[in-house]
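Okay, query.txt is below, compact mmCIF, C-alpha atoms:
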# COMPACT_ATOMS: atom_id res chain seq x y z
CA MET A 1 43.30 59.82 -32.68
CA LEU A 2 41.15 59.45 -29.58
CA ARG A 3 39.75 56.13 -30.78
CA THR A 4 43.27 54.85 -31.42
CA THR A 5 44.47 56.07 -28.04
CA LEU A 6 41.53 54.56 -26.14
CA SER A 7 42.02 51.22 -27.88
CA HIS A 8 45.37 50.96 -26.05
CA PHE A 9 43.82 51.47 -22.60
CA ASP A 10 43.80 48.49 -20.25
CA PHE A 11 40.26 48.45 -18.86
CA ARG A 12 40.39 44.81 -17.80
CA HIS A 13 43.32 44.29 -15.46
CA TRP A 14 43.65 45.58 -11.92
CA PRO A 15 45.05 48.04 -10.94
CA ARG A 16 45.76 49.60 -14.36
CA SER A 17 42.05 49.64 -15.14
CA VAL A 18 41.40 52.31 -12.50
CA ALA A 19 43.71 54.89 -14.09
CA ALA A 20 42.37 53.84 -17.49
CA ARG A 21 38.81 54.66 -16.45
CA ARG A 22 39.81 58.06 -15.08
CA ASP A 23 41.89 58.94 -18.12
CA ALA A 24 39.14 57.88 -20.52
CA ALA A 25 36.70 60.18 -18.72
CA LEU A 26 39.26 62.98 -18.69
CA LEU A 27 40.13 62.80 -22.39
CA LEU A 28 36.61 62.25 -23.71
CA LEU A 29 34.97 64.85 -21.50
CA GLY A 30 37.71 67.38 -22.21
CA PHE A 31 37.32 66.79 -25.95
CA ALA A 32 33.53 66.59 -26.34
CA GLY A 33 32.97 69.37 -23.82
CA ALA A 34 35.62 71.53 -25.49
CA LEU A 35 36.80 72.31 -21.98
CA ARG A 36 39.74 74.41 -20.91
CA ARG A 37 42.05 72.48 -18.59
CA SER A 38 41.06 74.67 -15.62
CA GLU A 39 37.39 73.92 -16.31
CA LEU A 40 38.06 70.20 -16.62
CA VAL A 41 39.94 69.80 -13.34
CA GLY A 42 37.50 72.18 -11.63
CA LEU A 43 34.53 69.85 -12.19
CA ARG A 44 32.98 68.19 -9.18
CA THR A 45 30.88 65.06 -8.99
CA GLY A 46 27.72 67.09 -8.58
CA ASP A 47 28.42 68.97 -11.81
CA VAL A 48 27.75 65.97 -14.06
CA SER A 49 24.45 64.14 -14.38
CA PHE A 50 22.76 61.90 -16.92
CA GLN A 51 19.54 63.24 -18.41
CA ALA A 52 17.18 60.79 -20.07
CA GLY A 53 13.84 62.58 -19.97
CA ALA A 54 11.16 62.24 -22.61
CA ASP A 55 11.60 65.85 -23.69
CA SER A 56 15.19 65.47 -24.96
CA GLU A 57 17.71 62.96 -26.25
CA PRO A 58 19.73 61.18 -23.52
CA HIS A 59 22.81 63.22 -22.69
CA LEU A 60 25.34 64.14 -20.05
CA ARG A 61 24.60 67.50 -18.46
CA VAL A 62 27.76 69.33 -17.41
CA VAL A 63 27.71 72.42 -15.21
CA ILE A 64 30.82 74.60 -15.47
CA ARG A 65 30.96 76.67 -12.30
CA ALA A 66 33.83 78.96 -13.22
CA SER A 67 34.90 79.88 -16.72
CA LYS A 68 36.95 82.46 -18.55
CA THR A 69 33.85 83.48 -20.50
CA ASP A 70 31.54 83.51 -17.45
CA GLN A 71 32.64 86.78 -15.91
CA PHE A 72 29.77 86.96 -13.42
CA GLY A 73 30.13 83.41 -12.11
CA ASP A 74 26.59 82.41 -13.02
CA GLY A 75 27.71 79.01 -14.24
CA GLU A 76 27.39 77.58 -17.73
CA VAL A 77 25.75 74.36 -18.87
CA ILE A 78 26.69 72.20 -21.83
CA ALA A 79 25.26 68.91 -23.08
CA VAL A 80 27.18 65.89 -24.36
CA PRO A 81 24.99 63.30 -26.14
CA VAL A 82 25.40 59.54 -25.92
CA GLY A 83 28.13 58.41 -28.31
CA GLN A 84 27.71 56.20 -31.34
CA HIS A 85 30.26 53.72 -29.98
CA PRO A 86 30.64 52.53 -26.36
CA LEU A 87 34.42 53.11 -26.44
CA THR A 88 34.00 56.82 -27.18
CA CYS A 89 30.69 57.42 -25.38
CA VAL A 90 31.32 60.27 -22.95
CA PRO A 91 28.39 59.50 -20.61
CA CYS A 92 29.55 55.86 -20.39
CA ALA A 93 33.13 56.91 -19.63
CA VAL A 94 32.06 59.37 -16.93
CA ARG A 95 29.66 56.87 -15.35
CA ALA A 96 32.36 54.17 -15.26
CA TRP A 97 34.76 56.51 -13.48
CA LEU A 98 32.08 57.68 -11.03
CA VAL A 99 31.23 54.07 -10.19
CA LEU A 100 34.85 53.31 -9.30
CA SER A 101 35.62 56.58 -7.53
CA SER A 102 32.47 56.43 -5.38
CA ILE A 103 33.41 53.06 -3.85
CA GLU A 104 35.60 52.67 -0.79
CA GLY A 105 37.58 49.53 -0.11
CA ARG A 106 39.90 47.55 -2.38
CA PRO A 107 37.77 44.37 -2.71
CA GLN A 108 34.66 46.37 -3.56
CA THR A 109 36.50 48.52 -6.10
CA MET A 110 38.05 45.45 -7.73
CA ALA A 111 34.61 43.85 -8.03
CA ALA A 112 33.20 47.02 -9.59
CA ALA A 113 36.09 47.15 -12.04
CA ARG A 114 35.38 43.55 -13.10
CA ASN A 115 31.71 44.37 -13.63
CA LEU A 116 32.59 47.36 -15.77
CA SER A 117 34.96 45.23 -17.84
CA ALA A 118 32.10 42.88 -18.61
CA VAL A 119 30.11 45.71 -20.22
CA SER A 120 32.98 47.49 -21.97
CA ASN A 121 31.59 46.69 -25.42
CA THR A 122 28.05 47.87 -24.67
CA HIS A 123 26.48 51.13 -23.56
CA HIS A 124 25.83 51.32 -19.84
CA CYS A 125 25.25 55.04 -19.35
CA ASP A 126 21.49 54.39 -19.06
CA GLN A 127 22.07 52.17 -16.01
CA PRO A 128 21.77 53.63 -12.48
CA TRP A 129 24.39 56.27 -11.68
CA PRO A 130 26.10 56.48 -8.27
CA ASP A 131 24.95 59.13 -5.84
CA SER A 132 26.94 62.34 -6.42
CA GLN A 133 25.83 64.15 -3.29
CA ALA A 134 29.33 63.87 -1.81
CA ASP A 135 30.29 66.69 -4.19
CA GLN A 136 34.02 66.04 -4.34
CA PRO A 137 36.48 66.65 -7.20
CA LEU A 138 35.45 64.65 -10.24
CA LEU A 139 38.96 63.88 -11.52
CA ARG A 140 41.29 62.71 -8.76
CA ARG A 141 44.71 61.19 -8.41
CA VAL A 142 45.08 57.44 -8.95
CA TYR A 143 47.97 55.59 -7.29
CA ARG A 144 49.84 52.62 -8.74
CA SER A 145 48.05 50.38 -6.24
CA GLY A 146 44.70 51.36 -7.74
CA ALA A 147 43.81 53.51 -4.75
CA ILE A 148 42.05 56.78 -5.53
CA GLY A 149 43.18 59.92 -3.70
CA ASP A 150 41.02 62.75 -2.42
CA GLY A 151 42.85 65.65 -4.03
CA VAL A 152 41.94 67.26 -7.34
CA LEU A 153 44.24 66.94 -10.34
CA SER A 154 46.27 69.99 -11.31
CA GLY A 155 45.80 71.74 -14.64
CA SER A 156 49.21 70.53 -15.79
CA SER A 157 48.12 66.93 -15.17
CA VAL A 158 45.69 67.16 -18.09
CA GLY A 159 48.49 67.72 -20.57
CA ALA A 160 50.63 65.07 -18.88
CA VAL A 161 47.87 62.45 -19.16
CA LEU A 162 47.23 63.32 -22.79
CA GLU A 163 50.90 63.16 -23.75
CA ARG A 164 51.49 59.90 -21.88
CA ARG A 165 48.46 58.18 -23.38
CA MET A 166 49.14 59.42 -26.92
CA SER A 167 52.75 58.27 -26.63
CA ALA A 168 51.62 54.80 -25.49
CA ALA A 169 49.47 54.64 -28.63
CA GLY A 170 52.52 55.34 -30.81
CA MET A 171 51.96 59.05 -31.42
CA ASP A 172 54.45 61.88 -31.00
CA PRO A 173 53.72 63.44 -27.56
CA GLU A 174 55.37 66.68 -28.63
CA ARG A 175 52.37 67.34 -30.87
CA PHE A 176 49.92 67.49 -27.97
CA SER A 177 49.11 69.64 -24.97
CA ALA A 178 46.06 70.12 -22.75
CA HIS A 179 44.77 72.67 -25.26
CA SER A 180 44.74 69.99 -27.96
CA LEU A 181 41.46 68.61 -26.59
CA ARG A 182 39.60 71.90 -27.01
CA ALA A 183 41.24 72.84 -30.31
CA GLY A 184 40.83 69.30 -31.60
CA PHE A 185 37.10 69.39 -30.94
CA VAL A 186 36.68 72.61 -32.92
CA THR A 187 38.70 71.27 -35.85
CA THR A 188 36.91 67.91 -35.90
CA ALA A 189 33.44 69.41 -35.51
CA ASP A 190 34.12 71.86 -38.32
CA ALA A 191 35.39 69.07 -40.59
CA GLY A 192 32.24 67.09 -39.77
CA GLY A 193 30.03 69.92 -41.01
CA ALA A 194 28.89 71.39 -37.68
CA LEU A 195 27.61 74.94 -37.89
CA LEU A 196 29.82 77.60 -36.37
CA THR A 197 26.99 78.59 -34.04
CA ALA A 198 26.73 75.00 -32.78
CA ILE A 199 30.49 74.83 -32.18
CA MET A 200 30.36 78.14 -30.29
CA ARG A 201 27.53 76.83 -28.13
CA GLN A 202 29.80 74.00 -26.98
CA THR A 203 33.01 76.03 -26.64
CA ARG A 204 31.13 79.03 -25.19
CA HIS A 205 33.17 81.46 -27.27
CA ARG A 206 31.66 84.90 -27.75
CA LYS A 207 33.44 85.84 -30.98
CA PRO A 208 33.38 83.74 -34.17
CA GLU A 209 36.86 84.88 -35.19
CA THR A 210 38.27 83.32 -32.02
CA VAL A 211 36.77 79.94 -32.91
CA VAL A 212 38.05 80.14 -36.49
CA ARG A 213 41.60 80.52 -35.22
CA TYR A 214 41.27 77.13 -33.53
CA ILE A 215 40.62 75.25 -36.76
CA ARG A 216 43.73 73.37 -37.83
CA HIS A 217 43.11 71.41 -40.98
CA ALA A 218 46.07 69.33 -42.08
CA ASN A 219 44.26 68.68 -45.37
CA PRO A 220 43.81 71.91 -47.39
CA MET A 221 40.83 70.32 -49.17
CA ALA A 222 38.92 69.75 -45.93
CA GLY A 223 35.86 71.98 -46.13
CA ASN A 224 37.29 73.79 -49.14
CA ALA A 225 34.77 76.46 -50.20
CA VAL A 226 35.66 76.25 -53.89
CA LYS A 227 33.90 72.87 -54.08
CA SER A 228 30.57 74.56 -53.33
CA VAL A 229 30.60 77.22 -56.08
CA GLY A 230 29.92 74.94 -59.04
CA LEU A 231 33.06 75.26 -61.14

Structure re-expressed in structure tokens:
Amino acid sequence: MLRTTLSHFDFRHWPRSVAARRDAALLLLGFAGALRRSELVGLRTGDVSFQAGADSEPHLRVVIRASKTDQFGDGEVIAVPVGQHPLTCVPCAVRAWLVLSSIEGRPQTMAAARNLSAVSNTHHCDQPWPDSQADQPLLRRVYRSGAIGDGVLSGSSVGAVLERRMSAAGMDPERFSAHSLRAGFVTTADAGGALLTAIMRQTRHRKPETVVRYIRHANPMAGNAVKSVGL
């Protein structure tokens, strides 16, 4: 569903490409990070960084400063690896949005948008990332003119973006809410054979039974245990 939705994004034409870059980062990061909407909109530019050291696979490091499961406010860290495809690569999507949102001035932003369009079909997350020392909200409002506001998005905006983008891709918006990103990750990861412990590491759930309640298989044969008993 995400691939279909992203294929309808206009990354090439100004000013629609600016909102497209933000929404791609929002949807992909919310899904792959299994983030609650409050965690997603609470991210700041300094909370995301690309790690490409020799001691680990290249990945996006995400620091979650405040979370429902982090009662002492110590902060939690999750990792999102480089995607198999540029369209759904989370580090690429986040970098593209950071490039645009870190630039001031319409001509400069338009030029950056054109450059990003030229590399849309290739990975570019391993290229230099913009300086994030400004430490401002990661996901911000985008105006019709292509201008980027300073204020953070509200939690309700996550669901609104998801519903609007899914509808534009021909899907029923009534089926989706902001929680669909987190629940959808659990369901998809489970269907793909991920261990429950690995899913919990990404969702940061403390109880397995809570994660199991998220799994929503439309196909009753998906992961059916009877197939493994040798009948």

Find the distance between CA of Leu28 in chain A and CA of Arg206 in chain A and write it in Å to one decimal.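 A separation of 23.5 Å between them.
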
Would you please work out which residue, of A:Ser56, A:Gln84, A:Arg213, A:Glu39, is nearest to Gly184 in chain A when using all atoms listed in the file? A:Arg213

Counting all atoms listed in the file, closest pick from A:Ala24, A:Val229, A:Leu43, A:Ala32 relative to Leu153 in chain A is A:Leu43

Counting all atoms listed in the file, which of A:Ser17, A:Ser154, A:Ser177, A:Ser38 gets nearest to Ala66 in chain A? A:Ser38

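Between CA of Phe11 in chain A and CA of Leu162 in chain A lies a distance of 16.9 Å.
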
What is the distance between CA of Asn121 in chain A and CA of Glu57 in chain A, in Å to one decimal?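 These two atoms are separated by 21.4 Å.
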
Check which residues of range 5-82 of chain A sit at most 7 Å from range 86-102 of chain A using all atoms listed in the file, and return one row each with the closest pair of atoms and their distance in Å to one decimal, ordered by chain and rising number, as CSV.
residue,atom,partner,partner_atom,distance
A:Arg21,CA,A:Trp97,CA,5.4
A:Arg22,CA,A:Trp97,CA,5.5
A:Ala24,CA,A:Ala93,CA,6.2
A:Ala25,CA,A:Ala93,CA,4.9
A:Leu28,CA,A:Val90,CA,5.7
A:Leu29,CA,A:Val90,CA,6.0
A:Leu60,CA,A:Pro91,CA,5.6
A:Val82,CA,A:Cys89,CA,5.7

Using all atoms listed in the file for the distances, tell me which of A:Thr5, A:Ser157, A:Thr109, A:Gln136 is nearest to Asp47 in chain A.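 Of A:Thr5, A:Ser157, A:Thr109, A:Gln136, the one nearest Asp47 in chain A, counting all atoms listed in the file, is A:Gln136.
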
Taking all atoms listed in the file into account, which of A:Ala178, A:Leu231, A:Leu2, A:Ile78 comes nearest Val161 in chain A?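 Using all atoms listed in the file, Val161 in chain A sits closest to A:Ala178.
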